[in-house]
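**Q** Mind looking over this structure? Questions follow.
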There are 2 protein chains.
Amino acid sequence: MPPEPCPVVETARIVSGKWTLVLLRDLAAGSRRFSELERSLRGISPRTLSTRLKALEEEGIVERTVHGGVPPRVDYTLTDKGRHLVPIVEAMREYGARWLLTG
Amino acid sequence: MPPEPCPVVETARIVSGKWTLVLLRDLAAGSRRFSELERSLRGISPRTLSTRLKALEEEGIVERTVHGGVPPRVDYTLTDKGRHLVPIVEAMREYGARWLLTG
């Protein structure tokens, strides 16, 4: 086996993260505010959500936009790099549901 | 998070296995004999190859066919369940190569 990183394994590593998946699902539908994500991801603590969003920002998958106003509004949006993941995640979900999780 | 297994995570688990990927790649092109796979997967031991093929057979991804003759010829072929994985693996490979492994 070649020692260089495998693109398939790297992609699997990203999309199989526990919260990454649900964040991708929510953001695939459009921009979301922090509080909307928090409500949608029941059970996530604000600290964990903030850490996950920051990690996805650093990976270039999510973009954070601050809009002026008092209080300022903060939106999270998928970047191109994030949007290109969505159809792959959907294909994996369909495959898993059809071939792996059925009797 | 729901306690039931996630179809995306299950699919990622299958496709990110070290030898599974190269076996899928080889078998996507058509049936292969054991010796052909052994040659293609440089460095794999016959015992490891045999174990991986048996595991994929048990998961219903690979089908083993014994043809009569002396010595008998044994072919490995992707099942429907295996063939449906190939485009997903390709999409993950393209994504990883474009978005994850480039500067």
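The way I read the labels, and the way they are meant: chains A, B, ... in the order of the structure tokens, residue 1 as the first residue of every chain, and ligand 1 as the first ligand shown, with later ones counted on from there.
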If we count only C-alpha atoms, which residues of chain A reach to within 12 Å of chain B? Please list them as JSON, numbers by chain.

**A** {"A": [1, 2, 3, 4, 5, 6, 7, 8, 9, 10, 11, 12, 13, 14, 15, 16, 17, 18, 19, 20, 21, 22, 25, 40, 41, 42, 43, 44, 59, 60, 61, 79, 80, 81, 82, 83, 84, 85, 86, 87, 88, 89, 90, 91, 92, 93, 94, 95, 96, 97, 98, 99, 100, 101, 102]}

**Q** Kindly give the distance, in Å, that separates CA of Asp75 in chain A and CA of Leu53 in chain A, rounded to a single decimal.

**A**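 Straight-line distance from CA of Asp75 in chain A to CA of Leu53 in chain A works out to 11.1 Å.
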
**Q** If I take CA of Val70 in chain A and CA of Ser31 in chain A, how far is one from the other in Å, to one decimal?

**A**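 Distance reported for this atom pair: 19.6 Å.
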
**Q** Set the distance at 9 Å and use only C-alpha atoms: which residues neighbour Tyr76 in chain B once local chain neighbours fewer than 2 positions away are removed? I'd like the list as an MDAnalysis selection string.

**A** chainID B and resid 27 30:34 53 62:65 74 78

**Q** Could you pull out the strand (DSSP E) residues of range 18-87 of chain B, going by DSSP on the backbone, and write them as a PDB file with C-alpha atoms, in the first residue's frame?

**A**
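Final file, out_20.pdb:
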```
ATOM      1  CA  ARG B  32     -10.719 -11.716 -10.711  1.00  0.00           C
ATOM      2  CA  ARG B  33      -8.953 -14.893  -9.667  1.00  0.00           C
ATOM      3  CA  VAL B  62     -18.163 -10.224  -3.023  1.00  0.00           C
ATOM      4  CA  GLU B  63     -19.277 -13.522  -4.545  1.00  0.00           C
ATOM      5  CA  ARG B  64     -16.949 -16.510  -4.839  1.00  0.00           C
ATOM      6  CA  THR B  65     -17.512 -18.912  -7.725  1.00  0.00           C
ATOM      7  CA  VAL B  66     -15.750 -22.236  -8.142  1.00  0.00           C
ATOM      8  CA  HIS B  67     -15.495 -23.465 -11.733  1.00  0.00           C
ATOM      9  CA  ARG B  73     -10.674 -22.126 -10.951  1.00  0.00           C
ATOM     10  CA  VAL B  74     -11.983 -19.737  -8.304  1.00  0.00           C
ATOM     11  CA  ASP B  75     -13.335 -16.318  -9.326  1.00  0.00           C
ATOM     12  CA  TYR B  76     -14.320 -13.358  -7.172  1.00  0.00           C
ATOM     13  CA  THR B  77     -16.999 -10.979  -8.431  1.00  0.00           C
ATOM     14  CA  LEU B  78     -18.833  -7.989  -6.952  1.00  0.00           C
TER      15      LEU B  78
END
```
